[in-house]
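Dumped run_10.cif below, it's mmCIF, C-alpha atoms:
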data_upload
#
loop_
_atom_site.label_atom_id
_atom_site.label_comp_id
_atom_site.auth_asym_id
_atom_site.auth_seq_id
_atom_site.Cartn_x
_atom_site.Cartn_y
_atom_site.Cartn_z
CA MET L 18 39.64 92.12 103.40
CA SER L 19 37.20 89.25 102.97
CA ARG L 20 36.59 88.20 99.38
CA ARG L 21 34.36 85.25 99.98
CA ARG L 22 32.43 85.64 96.75
CA PHE L 23 35.61 85.58 94.69
CA GLU L 24 37.07 82.68 96.67
CA ALA L 25 33.88 80.66 96.26
CA ALA L 26 33.76 81.44 92.55
CA ALA L 27 37.43 80.49 92.11
CA HIS L 28 36.77 77.21 93.89
CA GLY L 29 33.79 76.54 91.63
CA ALA L 30 35.74 77.32 88.47
CA ALA L 31 38.71 75.21 89.52
CA THR L 32 36.44 72.28 90.39
CA ALA L 33 34.70 72.51 87.02
CA LEU L 34 37.90 72.96 85.02
CA GLY L 35 40.22 70.52 86.76
CA PRO L 36 43.95 71.18 87.26
CA THR L 37 44.85 71.61 83.58
CA GLY L 38 41.92 73.87 82.80
CA THR L 39 42.59 75.92 85.94
CA LYS L 40 46.16 76.55 84.78
CA ASP L 41 44.86 77.54 81.34
CA LEU L 42 42.44 80.03 82.90
CA ALA L 43 45.21 81.43 85.09
CA GLY L 44 47.29 81.97 81.95
CA LEU L 45 44.44 83.84 80.26
CA LEU L 46 43.97 86.05 83.31
CA ALA L 47 47.70 86.76 83.54
CA ARG L 48 47.57 88.00 79.94
CA GLY L 49 44.62 90.22 80.77
CA ARG L 50 42.08 88.31 78.72
CA GLY L 51 38.47 89.17 79.46
CA ALA L 52 35.48 86.95 80.09
CA ASP L 53 34.36 86.80 76.45
CA HIS L 54 37.74 85.51 75.29
CA ALA L 55 38.01 83.03 78.17
CA LEU L 56 34.55 81.60 77.44
CA VAL L 57 35.54 81.01 73.82
CA VAL L 58 38.78 79.26 74.77
CA LEU L 59 37.37 77.29 77.72
CA GLN L 60 34.23 75.93 76.12
CA GLY L 61 32.15 73.21 77.72
CA ALA L 62 30.46 72.47 81.00
CA ALA L 63 32.78 74.83 82.92
CA SER L 64 31.71 77.96 81.04
CA ASP L 65 29.09 78.95 83.60
CA ALA L 66 31.60 78.69 86.45
CA VAL L 67 34.14 80.77 84.51
CA GLY L 68 31.52 83.46 83.92
CA VAL L 69 30.66 83.52 87.63
CA LEU L 70 34.36 83.95 88.45
CA TYR L 71 34.70 87.01 86.22
CA GLN L 72 31.56 88.51 87.76
CA ALA L 73 32.96 87.97 91.25
CA MET L 74 36.26 89.59 90.24
CA ASP L 75 34.40 92.69 89.06
CA ALA L 76 32.19 92.80 92.15
CA GLU L 77 35.06 92.54 94.64
CA GLY L 78 37.74 94.45 92.76
CA VAL L 79 40.07 91.50 92.18
CA SER L 80 42.56 92.23 89.41
CA PRO L 81 43.24 89.65 86.67
CA SER L 82 46.84 89.24 87.86
CA GLU L 83 45.70 88.60 91.42
CA ALA L 84 43.08 86.12 90.25
CA ALA L 85 45.71 84.35 88.13
CA ALA L 86 48.04 84.02 91.11
CA TYR L 87 45.20 82.68 93.26
CA LEU L 88 44.25 80.06 90.68
CA ARG L 89 47.87 79.01 90.18
CA GLY L 90 48.21 78.52 93.92
CA TYR L 91 45.00 76.51 93.89
CA ALA L 92 46.30 74.31 91.06
CA ALA L 93 49.65 73.82 92.81
CA ALA L 94 47.95 72.71 96.01
CA TRP L 95 45.73 70.40 93.99
CA THR L 96 48.81 68.90 92.34
CA ARG L 97 50.47 68.25 95.71
CA ARG L 98 47.35 66.46 96.94
CA ARG L 99 47.14 64.55 93.68
CA ASP L 100 50.70 63.28 94.01
CA ALA L 101 49.86 61.52 97.29
CA VAL L 102 48.05 58.43 96.02
CA GLU L 103 46.42 55.67 98.05
CA VAL L 104 44.93 52.60 96.35
CA ARG L 105 43.06 49.97 98.35
CA THR L 106 41.10 46.90 97.32
CA VAL L 107 37.41 46.66 98.10
CA TRP L 108 35.37 43.45 98.33
CA SER L 109 31.81 42.24 98.78
CA GLY L 110 30.88 38.75 99.90
CA PRO L 111 32.88 36.27 102.00
CA SER L 112 35.67 37.61 104.21
CA THR L 113 38.90 35.88 105.17
CA PRO L 114 40.32 36.26 108.70
CA ARG L 115 43.94 36.54 107.56
CA VAL L 116 43.38 39.22 104.93
CA PRO L 117 41.56 42.35 106.13
CA VAL L 118 39.70 44.11 103.31
CA ARG L 119 37.32 47.05 102.98
CA ALA L 120 33.66 46.21 102.37
CA THR L 121 32.06 47.61 99.22
CA ALA L 122 28.95 48.76 101.11
CA HIS L 123 31.01 50.85 103.52
CA VAL L 124 33.25 52.32 100.83
CA LEU L 125 30.38 53.42 98.58
CA VAL L 126 28.74 55.29 101.44
CA GLU L 127 32.10 56.82 102.44
CA VAL L 128 32.71 58.12 98.92
CA VAL L 129 29.25 59.70 98.80
CA ALA L 130 29.64 61.15 102.30
CA GLN L 131 33.00 62.71 101.40
CA ALA L 132 31.61 64.71 98.48
CA ARG L 133 31.21 68.43 99.12
CA ASP L 134 30.78 69.82 95.62
CA GLU L 135 30.41 67.08 93.02
CA LEU L 136 29.49 63.40 92.94
CA LEU L 137 29.45 61.38 89.73
CA ALA L 138 28.33 57.76 89.66
CA MET L 139 27.73 55.13 86.98
CA THR L 140 25.96 51.79 87.24
CA TYR L 141 24.49 49.12 84.98
CA ALA L 142 21.75 47.79 87.26
CA ALA L 143 20.26 49.58 90.26
CA ARG L 144 17.74 48.72 92.92
CA PRO L 145 16.54 50.77 95.91
CA TYR L 146 19.15 50.47 98.66
CA ALA L 147 18.17 52.40 101.78
CA THR L 148 21.68 53.08 103.09
CA LEU L 149 22.89 54.46 99.77
CA THR L 150 19.67 56.41 99.23
CA ARG L 151 20.14 58.16 102.57
CA ALA L 152 23.75 59.00 101.76
CA LEU L 153 22.80 60.43 98.35
CA THR L 154 19.90 62.40 99.82
CA ASP L 155 22.21 63.87 102.47
CA ALA L 156 24.71 64.81 99.75
CA VAL L 157 22.08 66.72 97.78
CA ALA L 158 20.92 68.44 100.98
CA ARG L 159 24.41 69.80 101.66
CA GLY L 160 24.66 71.23 98.15
CA VAL L 161 26.51 68.48 96.27
CA ALA L 162 25.78 68.24 92.54
CA VAL L 163 24.85 64.57 92.13
CA ASP L 164 24.88 63.02 88.63
CA ILE L 165 24.18 59.32 88.13
CA VAL L 166 24.52 57.46 84.82
CA VAL L 167 22.37 54.34 84.50
CA GLU L 168 21.52 51.78 81.86
CA THR L 169 17.92 51.59 80.66
CA LEU L 170 15.76 48.55 80.00
CA HIS L 171 15.68 49.51 76.33
CA GLY L 172 19.44 49.90 76.19
CA ALA L 173 20.02 46.56 77.94
CA ARG L 174 17.93 44.80 75.25
CA GLY L 175 16.39 42.19 77.51
CA LEU L 176 19.37 41.58 79.80
CA LEU L 177 17.78 43.63 82.60
CA SER L 178 14.34 42.94 84.02
CA GLY L 179 12.05 44.61 86.52
CA PRO L 180 11.77 48.38 87.07
CA GLU L 181 13.98 50.85 85.26
CA PRO L 182 17.37 51.21 87.02
CA ALA L 183 16.69 54.95 87.28
CA ASP L 184 13.71 54.22 89.54
CA ALA L 185 16.15 53.23 92.30
CA PHE L 186 16.99 56.92 92.72
CA ALA L 187 13.45 58.31 92.61
CA ALA L 188 13.67 59.02 96.35
CA VAL L 189 16.77 61.22 95.92
CA PRO L 190 15.42 64.71 95.17
CA GLY L 191 17.75 66.78 93.05
CA ALA L 192 19.83 63.91 91.65
CA ARG L 193 20.33 64.25 87.90
CA LEU L 194 19.99 60.97 85.98
CA TRP L 195 21.71 60.26 82.67
CA HIS L 196 21.89 57.44 80.14
CA TRP L 197 23.91 56.52 77.08
CA ALA L 198 21.96 57.92 74.14
CA ALA L 199 20.73 55.33 71.65
CA HIS L 200 22.01 57.33 68.68
CA ALA L 201 25.51 57.48 70.21
CA ARG L 202 26.08 53.77 70.83
CA ALA L 203 26.80 50.80 68.61
CA TYR L 204 24.29 47.98 68.24
CA ARG L 205 24.11 45.88 71.43
CA ALA L 206 26.54 48.18 73.24
CA ARG L 207 25.64 48.65 76.90
CA GLN L 208 26.44 51.08 79.72
CA HIS L 209 28.33 48.68 81.97
CA ALA L 210 30.59 51.02 83.96
CA LYS L 211 30.35 50.94 87.76
CA LEU L 212 32.06 53.77 89.60
CA ALA L 213 31.67 56.74 91.89
CA VAL L 214 33.84 59.89 91.99
CA ALA L 215 33.72 62.46 94.79
CA ASP L 216 35.10 65.96 94.15
CA ARG L 217 37.58 64.52 91.62
CA GLU L 218 39.67 63.36 94.57
CA VAL L 219 38.31 59.89 95.40
CA LEU L 220 37.34 57.20 92.90
CA TYR L 221 35.61 53.90 93.55
CA LEU L 222 35.86 51.56 90.56
CA GLY L 223 34.65 47.97 90.67
CA SER L 224 32.37 45.20 89.53
CA ALA L 225 29.50 46.03 91.91
CA ASN L 226 26.33 47.68 90.66
CA LEU L 227 24.54 50.16 92.90
CA THR L 228 22.36 47.51 94.52
CA GLU L 229 22.29 46.05 98.02
CA SER L 230 23.00 42.55 96.72
CA ALA L 231 26.13 43.75 94.92
CA ALA L 232 27.33 45.86 97.84
CA ARG L 233 26.72 43.24 100.53
CA ARG L 234 26.00 39.71 99.30
CA ASN L 235 27.59 39.06 95.91
CA LEU L 236 31.27 38.28 95.47
CA GLU L 237 32.44 41.58 93.96
CA ALA L 238 35.82 43.28 93.74
CA GLY L 239 37.05 46.79 93.14
CA VAL L 240 39.49 49.48 94.18
CA VAL L 241 39.20 52.87 95.83
CA VAL L 242 41.73 55.46 94.69
CA ARG L 243 42.45 58.54 96.79
CA GLY L 244 44.58 61.19 95.15
CA GLY L 245 46.49 60.91 91.90
CA THR L 246 45.13 61.75 88.48
CA ALA L 247 42.62 58.90 88.16
CA PRO L 248 39.68 60.49 90.04
CA GLY L 249 39.95 63.75 88.13
CA ARG L 250 40.40 62.06 84.77
CA ALA L 251 37.36 59.86 85.36
CA ALA L 252 35.23 62.89 86.21
CA GLU L 253 36.54 64.87 83.24
CA HIS L 254 35.74 61.98 80.88
CA ILE L 255 32.16 61.72 82.16
CA ARG L 256 31.65 65.48 81.87
CA GLU L 257 33.00 65.47 78.32
CA LEU L 258 30.65 62.62 77.35
CA GLN L 259 27.80 64.74 78.71
CA ARG L 260 28.95 67.82 76.83
CA LEU L 261 29.20 65.89 73.55
CA GLY L 262 25.71 64.45 73.93
CA VAL L 263 26.90 60.86 74.29
CA LEU L 264 25.38 60.85 77.76
CA VAL L 265 22.01 62.60 77.92
CA ARG L 266 19.57 63.43 80.70
CA LEU L 267 16.77 60.97 81.30
CA GLY L 268 13.37 62.46 80.70
CA LYS L 269 14.72 65.35 78.62
#
Written form, structure tokens:
Amino acid sequence: MSRRRFEAAAHGAATALGPTGTKDLAGLLARGRGADHALVVLQGAASDAVGVLYQAMDAEGVSPSEAAAYLRGYAAAWTRRRDAVEVRTVWSGPSTPRVPVRATAHVLVEVVAQARDELLAMTYAARPYATLTRALTDAVARGVAVDIVVETLHGARGLLSGPEPADAFAAVPGARLWHWAAHARAYRARQHAKLAVADREVLYLGSANLTESAARRNLEAGVVVRGGTAPGRAAEHIRELQRLGVLVRLGK
């Protein structure tokens, strides 16, 4: 019998919780704990997804023990994928004929294009970059939750000039923009992280901002990590900073 609603809800909950949280939820289900108890234990950004899962279980007649087994299988498969790790260097700028390397511009677009559920990105500076804008717009169109953390002109305290970095993403409908709240940072502290995480499975981490000059012309270096714990941990850290109010929505 098809249980697409339950399967979709389980996928959403597992994505929001990560491997450890998914195992915790499976344990609660195995002990017959209801939604109210689970929402108290599993507080945070994943609470909505957990509630949706319990609703889907009720709607499709999935028992707690069956749901627990499904989630444990999901977590086990996730762990197997995680254990297969690939790390490659990524460069912008001059190339060398004897050492083949991946180009930052290509890798950034690949990471965005790979996302099916969640894309998290962070940048210090940002300028409109047509190739990246198209990739982000396509991601939103296929249902990816896109969250981008940027620095602000106020937060940079004179070290950034021109338009607000957030303006670079004005043409991406549905993208949620965040910044490091002034009350949550030390004096002269700046949001200087540059990364992108797709579905907690692929992580780009490097020196390049989300600008065309950084992706194509500057001499920049980074790595792309596929598998392992790093992508998931990076995403979990960003989500926790959001939950704690360290990172807040722009315009809110």
Go through L:Ala156, L:Glu218, L:Pro182, L:Ala173 one by one, measure the shortest atom-to-atom distance of each to L:Gly245 using all atoms listed in the file, and give the residue with the smallest value.
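Using all atoms listed in the file, L:Gly245 sits closest to L:Glu218.
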What separation in Å, quoted to one decimal, exists between atom CA of L:Val102 and atom CA of L:Asn235?
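Rounded to one decimal, the two atoms are 28.2 Å apart.
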Output check: residues returned by the PyMOL selection byres ((chain L and resi 34) around 10), as a list of chain:residue names:
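That selection, the PyMOL selection byres ((chain L and resi 34) around 10), comes back as L:His28, L:Gly29, L:Ala30, L:Ala31, L:Thr32, L:Ala33, L:Gly35, L:Pro36, L:Thr37, L:Gly38, L:Thr39, L:Lys40, L:Asp41, L:Leu42, L:Leu59, L:Gly61, L:Ala62, L:Ala63, L:Ser64, L:Ala66, L:Val67, L:Gly249, L:Glu253.
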Evaluate the PyMOL selection byres ((chain L and resi 141) around 7) and report residues as a list in words:
Thr140, Ala142, Ala143, Val167, Glu168, Gln208, His209, Ala210, Lys211 and Asn226 of chain L
Just C-alpha atoms for this one: save the residues we selected as a CSV table (one decimal), keeping the file's coordinate frame.
chain,number,residue,atom,x,y,z
L,140,THR,CA,26.0,51.8,87.2
L,142,ALA,CA,21.8,47.8,87.3
L,143,ALA,CA,20.3,49.6,90.3
L,167,VAL,CA,22.4,54.3,84.5
L,168,GLU,CA,21.5,51.8,81.9
L,208,GLN,CA,26.4,51.1,79.7
L,209,HIS,CA,28.3,48.7,82.0
L,210,ALA,CA,30.6,51.0,84.0
L,211,LYS,CA,30.4,50.9,87.8
L,226,ASN,CA,26.3,47.7,90.7
If you measure from atom CA of L:Arg48 to atom CA of L:Ala93, what distance in Å do you get, rounded to one decimal?
19.3 Å
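Around L:Arg205, within 12 Å and counting all atoms listed in the file, the residues found are His171, Gly172, Ala173, Arg174, Gly175, Leu176, Ala199 and His200 of chain L, once anything fewer than 5 positions away on its own chain is removed.
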If we count only C-alpha atoms and set the cut-off at 12 Å, which residues sit around L:Gly49, ignoring sequence neighbours fewer than 5 positions away in its own chain? Please answer as a PyMOL selection string.
chain L and resi 42-44+54-55+71+80-85
